[in-house]
Amino acid sequence: KYYLPQEKKLNTLADFFSMFSDTTRLKIISALSISEMCVGDISKILNINQTTISHQLKTLKSASIVKYRRDGKIIYYSIADPIINECLSTGVDYVTNVSYF
């Protein structure tokens, strides 16, 4: 019992992992793990409309998965912490090596 995370930590962890439960968000995270990009660049690379990209970026930003910086009128997005890339990479390694998936 004492080794289990507290309920608040478990809820935070579940919220964190929920960010990886949407394929569009995963595509955005994957793209941003390569390079900082603006909405237009992400939209073009992923072939997804800008409205959808913007909506998902807002969700990822509110969860502190991505950060942004403004350069004039353009807003550039990037991964907020290298640990995000590690989580994604570990997940990819797992599903690549497990026959269940």
# chains A, B, ... in the order shown; residues from 1 in each chain; ligands from 1
>>> select_by_dssp(residues="chain A", states="strand (DSSP E)", output="ChimeraX atom specification")
/A:37-38,66-71,74-79
>>> closest_atom_pairs(of="region 4-52 of chain A", to="region 63-76 of chain A", cutoff="12 Å", atoms="only C-alpha atoms", output="Markdown table")
| residue | atom | partner | partner_atom | distance |
| --- | --- | --- | --- | --- |
| A:Thr12 | CA | A:Ala63 | CA | 9.9 |
| A:Leu13 | CA | A:Ala63 | CA | 11.0 |
| A:Ala14 | CA | A:Ala63 | CA | 11.6 |
| A:Asp15 | CA | A:Ala63 | CA | 8.1 |
| A:Phe16 | CA | A:Ala63 | CA | 7.1 |
| A:Phe17 | CA | A:Ala63 | CA | 10.2 |
| A:Ser18 | CA | A:Ala63 | CA | 9.9 |
| A:Met19 | CA | A:Ala63 | CA | 7.7 |
| A:Phe20 | CA | A:Ile65 | CA | 10.0 |
| A:Arg25 | CA | A:Ile65 | CA | 10.2 |
| A:Leu26 | CA | A:Ile65 | CA | 11.1 |
| A:Ile28 | CA | A:Val66 | CA | 9.7 |
| A:Ile29 | CA | A:Val66 | CA | 8.0 |
| A:Ser30 | CA | A:Val66 | CA | 11.4 |
| A:Ala31 | CA | A:Val66 | CA | 11.5 |
| A:Leu32 | CA | A:Val66 | CA | 8.4 |
| A:Ser33 | CA | A:Val66 | CA | 9.9 |
| A:Ser35 | CA | A:Tyr76 | CA | 10.0 |
| A:Glu36 | CA | A:Tyr76 | CA | 6.3 |
| A:Met37 | CA | A:Tyr76 | CA | 5.1 |
| A:Cys38 | CA | A:Tyr76 | CA | 4.4 |
| A:Val39 | CA | A:Tyr76 | CA | 7.5 |
| A:Gly40 | CA | A:Ile74 | CA | 9.6 |
| A:Asp41 | CA | A:Tyr76 | CA | 9.5 |
| A:Ile42 | CA | A:Tyr76 | CA | 10.1 |
>>> select_by_dssp(residues="chain A", states="helix (DSSP H, G or I)", output="count of residues only")
61
>>> closest_residue(among="A:Thr90, A:Ser78, A:Gln50, A:Gln56", to="Thr24 (chain A)", atoms="only C-alpha atoms")
A:Gln56
>>> closest_residue(among="A:Gly91, A:Tyr77, A:Asp22, A:Lys44", to="Lys58 (chain A)", atoms="only C-alpha atoms")
A:Tyr77
